[in-house]
>>> print(open('upload-v4.tsv').read())   # TSV, C-alpha atoms
chain	number	residue	atom	x	y	z
A	1	MET	CA	-27.90	33.51	-13.29
A	2	GLY	CA	-24.17	32.88	-12.91
A	3	LEU	CA	-22.67	30.46	-10.45
A	4	ASP	CA	-21.08	32.42	-7.60
A	5	LEU	CA	-18.30	30.33	-6.09
A	6	THR	CA	-16.25	32.35	-3.65
A	7	ALA	CA	-12.94	31.08	-2.28
A	8	GLU	CA	-14.72	30.21	0.97
A	9	LYS	CA	-17.37	28.17	-0.85
A	10	LEU	CA	-14.77	26.40	-2.96
A	11	MET	CA	-12.84	25.46	0.18
A	12	SER	CA	-16.04	24.19	1.79
A	13	LEU	CA	-16.85	22.03	-1.25
A	14	THR	CA	-13.31	20.63	-1.25
A	15	GLN	CA	-13.53	19.77	2.43
A	16	GLN	CA	-16.88	18.05	1.87
A	17	ARG	CA	-15.45	15.92	-0.95
A	18	GLU	CA	-12.44	14.99	1.17
A	19	LYS	CA	-14.69	14.09	4.10
A	20	LYS	CA	-16.85	11.87	1.89
A	21	SER	CA	-13.77	9.98	0.70
A	22	GLU	CA	-12.67	9.19	4.26
A	23	ARG	CA	-13.57	5.95	5.99
A	24	ARG	CA	-13.97	4.90	9.63
A	25	CYS	CA	-12.08	1.93	11.10
A	26	ILE	CA	-14.49	-0.61	12.61
A	27	VAL	CA	-12.18	-1.12	15.60
A	28	THR	CA	-10.52	2.18	16.49
A	29	LYS	CA	-13.18	4.45	14.93
A	30	ASP	CA	-10.33	6.47	13.42
A	31	ILE	CA	-11.27	8.26	10.20
A	32	LEU	CA	-8.65	7.91	7.46
A	33	PRO	CA	-8.34	8.15	3.67
A	34	PRO	CA	-9.34	4.84	2.02
A	35	GLU	CA	-5.88	4.31	0.54
A	36	GLN	CA	-4.49	4.01	4.08
A	37	MET	CA	-7.03	1.38	5.09
A	38	LEU	CA	-8.24	-2.04	3.98
A	39	ARG	CA	-11.78	-2.69	2.81
A	40	PHE	CA	-13.62	-5.93	3.48
A	41	VAL	CA	-16.89	-7.20	2.07
A	42	ILE	CA	-19.09	-10.13	3.02
A	43	SER	CA	-19.59	-12.74	0.30
A	44	PRO	CA	-23.05	-14.22	-0.41
A	45	GLU	CA	-21.89	-17.24	1.63
A	46	GLY	CA	-21.18	-14.99	4.60
A	47	VAL	CA	-17.39	-15.12	4.30
A	48	VAL	CA	-15.26	-12.06	5.09
A	49	VAL	CA	-13.30	-11.17	1.95
A	50	PRO	CA	-10.48	-8.58	1.78
A	51	ASP	CA	-11.01	-6.08	-1.04
A	52	PHE	CA	-7.50	-4.81	-1.76
A	53	SER	CA	-8.55	-2.83	-4.84
A	54	ARG	CA	-11.61	-1.33	-3.09
A	55	LYS	CA	-13.83	-2.29	-6.04
A	56	LEU	CA	-15.82	-5.35	-4.96
A	57	PRO	CA	-19.60	-4.91	-4.85
A	58	GLY	CA	-21.45	-4.75	-1.58
A	59	ARG	CA	-21.23	-2.81	1.62
A	60	GLY	CA	-17.66	-2.28	2.73
A	61	PHE	CA	-16.18	-2.52	6.22
A	62	TRP	CA	-12.94	-0.67	6.78
A	63	LEU	CA	-9.97	-1.54	8.95
A	64	ASN	CA	-6.72	0.22	9.69
A	65	PRO	CA	-4.59	-2.78	8.67
A	66	THR	CA	-2.07	-3.19	11.46
A	67	ARG	CA	-1.40	-6.49	13.18
A	68	GLU	CA	-2.62	-5.21	16.54
A	69	ILE	CA	-5.87	-3.80	15.15
A	70	LEU	CA	-6.54	-6.95	13.11
A	71	HIS	CA	-6.07	-9.13	16.19
A	72	THR	CA	-8.40	-6.85	18.15
A	73	ALA	CA	-11.02	-7.09	15.40
A	74	LEU	CA	-10.88	-10.88	15.51
A	75	LYS	CA	-10.94	-11.04	19.30
A	76	GLN	CA	-13.88	-8.64	19.61
A	77	LYS	CA	-15.80	-10.22	16.70
A	78	ALA	CA	-15.92	-6.79	15.10
A	79	PHE	CA	-17.01	-8.16	11.72
A	80	ASP	CA	-20.02	-9.89	13.28
A	81	ARG	CA	-20.93	-6.66	15.03
A	82	VAL	CA	-20.79	-4.35	12.00
A	83	ALA	CA	-22.40	-6.93	9.69
A	84	LYS	CA	-25.12	-7.48	12.33
A	85	ARG	CA	-24.90	-11.22	11.81
A	86	ARG	CA	-22.48	-14.08	12.27
A	87	VAL	CA	-19.89	-14.15	9.50
A	88	VAL	CA	-17.17	-16.62	8.55
A	89	LEU	CA	-13.53	-15.58	8.93
A	90	PRO	CA	-10.83	-17.50	7.02
A	91	GLU	CA	-8.58	-19.26	9.54
A	92	ASN	CA	-5.48	-17.91	7.79
A	93	LEU	CA	-6.79	-14.37	7.29
A	94	GLU	CA	-3.57	-12.71	8.43
A	95	GLU	CA	-1.51	-14.71	5.93
A	96	ILE	CA	-4.03	-13.95	3.18
A	97	LEU	CA	-3.61	-10.24	3.89
A	98	LYS	CA	0.19	-10.43	3.94
A	99	LYS	CA	0.29	-12.28	0.62
A	100	GLY	CA	-2.29	-9.92	-0.84
A	101	PHE	CA	-0.33	-6.80	0.05
A	102	LEU	CA	2.95	-8.33	-1.08
A	103	GLY	CA	1.35	-9.30	-4.39
A	104	ARG	CA	0.17	-5.74	-4.91
A	105	ILE	CA	3.65	-4.41	-4.16
A	106	LEU	CA	5.15	-6.72	-6.80
A	107	GLU	CA	2.39	-5.75	-9.23
A	108	LYS	CA	3.07	-2.02	-8.78
A	109	ILE	CA	6.80	-2.50	-9.34
A	110	GLY	CA	6.01	-4.54	-12.47
A	111	LEU	CA	3.74	-1.79	-13.79
A	112	ALA	CA	6.46	0.76	-13.12
A	113	ARG	CA	8.98	-1.31	-15.09
A	114	LYS	CA	6.64	-1.80	-18.05
A	115	SER	CA	5.87	1.92	-18.22
A	116	GLY	CA	9.50	2.98	-18.02
A	117	GLN	CA	9.13	4.28	-14.47
A	118	ALA	CA	11.54	1.82	-12.87
A	119	VAL	CA	15.11	0.65	-13.35
A	120	SER	CA	17.23	-2.02	-11.66
A	121	GLY	CA	20.91	-2.58	-11.09
A	122	PHE	CA	23.34	-0.50	-9.05
A	123	THR	CA	24.56	1.76	-11.87
A	124	LYS	CA	21.12	2.79	-13.16
A	125	VAL	CA	19.62	3.14	-9.71
A	126	ARG	CA	22.54	5.24	-8.52
A	127	GLU	CA	22.17	7.45	-11.59
A	128	TRP	CA	18.48	8.11	-10.82
A	129	VAL	CA	19.32	8.79	-7.18
A	130	VAL	CA	21.98	11.37	-8.06
A	131	GLN	CA	19.75	13.01	-10.69
A	132	GLY	CA	16.87	13.33	-8.21
A	133	ARG	CA	14.58	11.15	-10.32
A	134	ALA	CA	14.09	8.35	-7.80
A	135	ASN	CA	11.13	8.67	-5.48
A	136	LEU	CA	11.67	5.22	-3.97
A	137	VAL	CA	14.58	2.83	-3.88
A	138	ILE	CA	13.79	-0.87	-3.65
A	139	GLN	CA	16.44	-2.68	-1.64
A	140	ALA	CA	16.37	-6.47	-1.52
A	141	SER	CA	15.31	-7.70	1.91
A	142	ASP	CA	18.33	-10.00	1.83
A	143	GLY	CA	20.66	-7.18	0.77
A	144	SER	CA	23.18	-5.60	3.12
A	145	ALA	CA	23.22	-2.24	4.87
A	146	ALA	CA	26.53	-1.51	3.14
A	147	GLU	CA	24.92	-1.96	-0.28
A	148	ARG	CA	22.06	0.34	0.68
A	149	ASN	CA	24.41	3.01	1.99
A	150	ARG	CA	26.47	2.84	-1.18
A	151	VAL	CA	23.55	3.33	-3.55
A	152	LEU	CA	22.08	6.14	-1.42
A	153	SER	CA	25.35	7.90	-0.58
A	154	GLY	CA	24.63	11.61	-0.17
A	155	HIS	CA	20.88	11.11	-0.63
A	156	SER	CA	19.68	9.50	2.59
A	157	GLU	CA	16.38	11.40	2.36
A	158	ILE	CA	15.09	8.99	-0.31
A	159	LYS	CA	12.66	6.40	1.03
A	160	VAL	CA	13.79	2.78	0.90
A	161	VAL	CA	11.55	-0.26	0.57
A	162	ALA	CA	13.15	-3.48	1.81
A	163	VAL	CA	10.45	-6.15	1.91
A	164	ILE	CA	11.20	-8.21	-1.22
A	165	PRO	CA	14.07	-10.71	-1.70
A	166	ALA	CA	16.55	-10.19	-4.53
A	167	VAL	CA	15.21	-13.17	-6.48
A	168	GLU	CA	11.69	-11.68	-6.63
A	169	ILE	CA	12.98	-8.26	-7.67
A	170	GLY	CA	15.07	-9.95	-10.34
A	171	LYS	CA	12.03	-11.76	-11.77
A	172	ILE	CA	10.27	-8.44	-12.35
A	173	PHE	CA	13.21	-7.12	-14.36
A	174	GLY	CA	13.98	-10.36	-16.20
A	175	ARG	CA	17.14	-11.05	-14.23
A	176	GLU	CA	18.33	-13.87	-11.99
A	177	HIS	CA	18.32	-11.48	-9.06
A	178	ALA	CA	18.48	-7.75	-8.38
A	179	VAL	CA	19.52	-6.07	-5.15
A	180	HIS	CA	18.36	-2.59	-6.13
A	181	ALA	CA	15.61	-0.94	-8.13
A	182	ALA	CA	14.38	2.63	-8.29
A	183	ILE	CA	10.90	4.00	-8.93
A	184	LEU	CA	10.42	7.30	-10.74
A	185	LYS	CA	8.64	10.12	-8.94
A	186	GLY	CA	4.91	10.12	-9.69
A	187	THR	CA	1.53	8.63	-8.91
A	188	LEU	CA	2.67	5.02	-9.26
A	189	ALA	CA	5.47	5.55	-6.76
A	190	ASP	CA	3.01	7.10	-4.32
A	191	GLN	CA	0.65	4.14	-4.73
A	192	LEU	CA	3.51	1.70	-4.19
A	193	GLN	CA	4.55	3.52	-1.03
A	194	GLY	CA	0.99	3.23	0.28
A	195	GLU	CA	0.94	-0.52	-0.34
A	196	VAL	CA	4.29	-0.91	1.40
A	197	GLU	CA	3.15	1.05	4.46
A	198	ARG	CA	0.05	-1.10	4.81
A	199	TYR	CA	2.10	-4.29	4.41
A	200	ILE	CA	4.66	-3.18	7.01
A	201	GLY	CA	1.87	-2.25	9.41
A	202	LEU	CA	0.54	-5.79	9.15
A	203	VAL	CA	3.81	-7.69	9.42
A	204	GLY	CA	5.17	-5.41	12.16
>>> encode(input="upload-v4.tsv", output="structure tokens")
Amino acid sequence: MGLDLTAEKLMSLTQQREKKSERRCIVTKDILPPEQMLRFVISPEGVVVPDFSRKLPGRGFWLNPTREILHTALKQKAFDRVAKRRVVLPENLEEILKKGFLGRILEKIGLARKSGQAVSGFTKVREWVVQGRANLVIQASDGSAAERNRVLSGHSEIKVVAVIPAVEIGKIFGREHAVHAAILKGTLADQLQGEVERYIGLVG
């Protein structure tokens, strides 16, 4: 007996898979894709641990990682409530999250460089921008608006990430400093954009 999968059934199966992959925020109850949220687990010692890669074992608790929602979670003891017991929160949890997201941003840029999906320096970045190859432009957080406008001239639709100082960008590309970098269109660029959006949501 053959498998009869009509277009309607296929759409239903797709919707079911998408629904299963969504997660509910423990504070707002909003349902979002996991890549837009932050997962936490409780360690055997009862400590709340952020799971940036969404791979740690144990039951996960999901949070829409904005500063306001994080503060609400702490104020309302949301982790105690969903864990159904008293848990331990690191005193510097917000700083841990900021450093964690920033580390993942640097890691993604490094992976892009190693795989030939990123370039640095005004000339190369400008070339990718003009050719339509750049999905993201990394602008040093200590760079100027004039520099950004110059590298993006005529292509203001390209998204710009400006959360990393020139020295840190330079380290990734083996230079003393770098004001600009560009990330090639593709999955890695999309992942990087997701990390940046979560980081910005947390730092405000």
>>> closest_residue(input="upload-v4.tsv", among="A:Ile69, A:Arg104, A:Gln117, A:Pro90", to="Ser53 (chain A)", atoms="all atoms listed in the file")
A:Arg104
>>> closest_residue(input="upload-v4.tsv", among="A:Ile200, A:Val87, A:Leu97, A:Val161", to="Val41 (chain A)", atoms="all atoms listed in the file")
A:Val87
>>> residues_around(input="upload-v4.tsv", residues="Lys77 (chain A)", least_positions_apart="4", cutoff="12 Å", atoms="only C-alpha atoms", output="mmCIF file with C-alpha atoms, keeping the file's coordinate frame")
data_model
loop_
_atom_site.group_PDB
_atom_site.id
_atom_site.type_symbol
_atom_site.label_atom_id
_atom_site.label_comp_id
_atom_site.auth_asym_id
_atom_site.auth_seq_id
_atom_site.Cartn_x
_atom_site.Cartn_y
_atom_site.Cartn_z
ATOM 1 C CA ILE A 26 -14.490 -0.610 12.610
ATOM 2 C CA VAL A 27 -12.180 -1.120 15.600
ATOM 3 C CA VAL A 48 -15.260 -12.060 5.090
ATOM 4 C CA ILE A 69 -5.870 -3.800 15.150
ATOM 5 C CA LEU A 70 -6.540 -6.950 13.110
ATOM 6 C CA HIS A 71 -6.070 -9.130 16.190
ATOM 7 C CA THR A 72 -8.400 -6.850 18.150
ATOM 8 C CA ALA A 73 -11.020 -7.090 15.400
ATOM 9 C CA ARG A 81 -20.930 -6.660 15.030
ATOM 10 C CA VAL A 82 -20.790 -4.350 12.000
ATOM 11 C CA ALA A 83 -22.400 -6.930 9.690
ATOM 12 C CA LYS A 84 -25.120 -7.480 12.330
ATOM 13 C CA ARG A 85 -24.900 -11.220 11.810
ATOM 14 C CA ARG A 86 -22.480 -14.080 12.270
ATOM 15 C CA VAL A 87 -19.890 -14.150 9.500
ATOM 16 C CA VAL A 88 -17.170 -16.620 8.550
ATOM 17 C CA LEU A 89 -13.530 -15.580 8.930
#
>>> residues_around(input="upload-v4.tsv", residues="Arg198 (chain A)", least_positions_apart="6", cutoff="12 Å", atoms="all atoms listed in the file", output="count of residues only")
23
>>> closest_residue(input="upload-v4.tsv", among="A:Leu32, A:Leu74, A:Ala181, A:Val137", to="Ile158 (chain A)", atoms="only C-alpha atoms")
A:Val137
>>> atom_distance(input="upload-v4.tsv", atom1="CA of Ser153 (chain A)", atom2="CA of Lys185 (chain A)")
18.8 Å
>>> closest_residue(input="upload-v4.tsv", among="A:Arg150, A:His180, A:Lys171, A:Arg39", to="Val125 (chain A)", atoms="all atoms listed in the file")
A:His180
>>> closest_residue(input="upload-v4.tsv", among="A:Thr123, A:Glu95, A:Val130, A:Gln76", to="Leu202 (chain A)", atoms="only C-alpha atoms")
A:Glu95
>>> atom_distance(input="upload-v4.tsv", atom1="CA of Ile169 (chain A)", atom2="CA of Ser120 (chain A)")
8.5 Å
>>> residues_near_point(input="upload-v4.tsv", point="(10.0, 5.2, 2.9)", cutoff="12 Å", atoms="only C-alpha atoms", output="PDB file with C-alpha atoms, in the coordinates of the input")
ATOM      1  CA  ALA A 134      14.090   8.350  -7.800  1.00  0.00           C
ATOM      2  CA  ASN A 135      11.130   8.670  -5.480  1.00  0.00           C
ATOM      3  CA  LEU A 136      11.670   5.220  -3.970  1.00  0.00           C
ATOM      4  CA  VAL A 137      14.580   2.830  -3.880  1.00  0.00           C
ATOM      5  CA  ILE A 138      13.790  -0.870  -3.650  1.00  0.00           C
ATOM      6  CA  GLN A 139      16.440  -2.680  -1.640  1.00  0.00           C
ATOM      7  CA  SER A 156      19.680   9.500   2.590  1.00  0.00           C
ATOM      8  CA  GLU A 157      16.380  11.400   2.360  1.00  0.00           C
ATOM      9  CA  ILE A 158      15.090   8.990  -0.310  1.00  0.00           C
ATOM     10  CA  LYS A 159      12.660   6.400   1.030  1.00  0.00           C
ATOM     11  CA  VAL A 160      13.790   2.780   0.900  1.00  0.00           C
ATOM     12  CA  VAL A 161      11.550  -0.260   0.570  1.00  0.00           C
ATOM     13  CA  ALA A 162      13.150  -3.480   1.810  1.00  0.00           C
ATOM     14  CA  VAL A 163      10.450  -6.150   1.910  1.00  0.00           C
ATOM     15  CA  ILE A 183      10.900   4.000  -8.930  1.00  0.00           C
ATOM     16  CA  ALA A 189       5.470   5.550  -6.760  1.00  0.00           C
ATOM     17  CA  ASP A 190       3.010   7.100  -4.320  1.00  0.00           C
ATOM     18  CA  LEU A 192       3.510   1.700  -4.190  1.00  0.00           C
ATOM     19  CA  GLN A 193       4.550   3.520  -1.030  1.00  0.00           C
ATOM     20  CA  GLY A 194       0.990   3.230   0.280  1.00  0.00           C
ATOM     21  CA  GLU A 195       0.940  -0.520  -0.340  1.00  0.00           C
ATOM     22  CA  VAL A 196       4.290  -0.910   1.400  1.00  0.00           C
ATOM     23  CA  GLU A 197       3.150   1.050   4.460  1.00  0.00           C
ATOM     24  CA  ARG A 198       0.050  -1.100   4.810  1.00  0.00           C
ATOM     25  CA  ILE A 200       4.660  -3.180   7.010  1.00  0.00           C
TER      26      ILE A 200
END
>>> atom_distance(input="upload-v4.tsv", atom1="CA of Gly116 (chain A)", atom2="CA of Glu147 (chain A)")
24.0 Å
>>> closest_residue(input="upload-v4.tsv", among="A:Ala145, A:Ile42, A:Leu106, A:Ile31", to="Phe79 (chain A)", atoms="all atoms listed in the file")
A:Ile42
>>> residues_around(input="upload-v4.tsv", residues="Gly110 (chain A)", least_positions_apart="3", cutoff="8 Å", atoms="only C-alpha atoms", output="ChimeraX atom specification")
/A:106-107,113-114,172-173
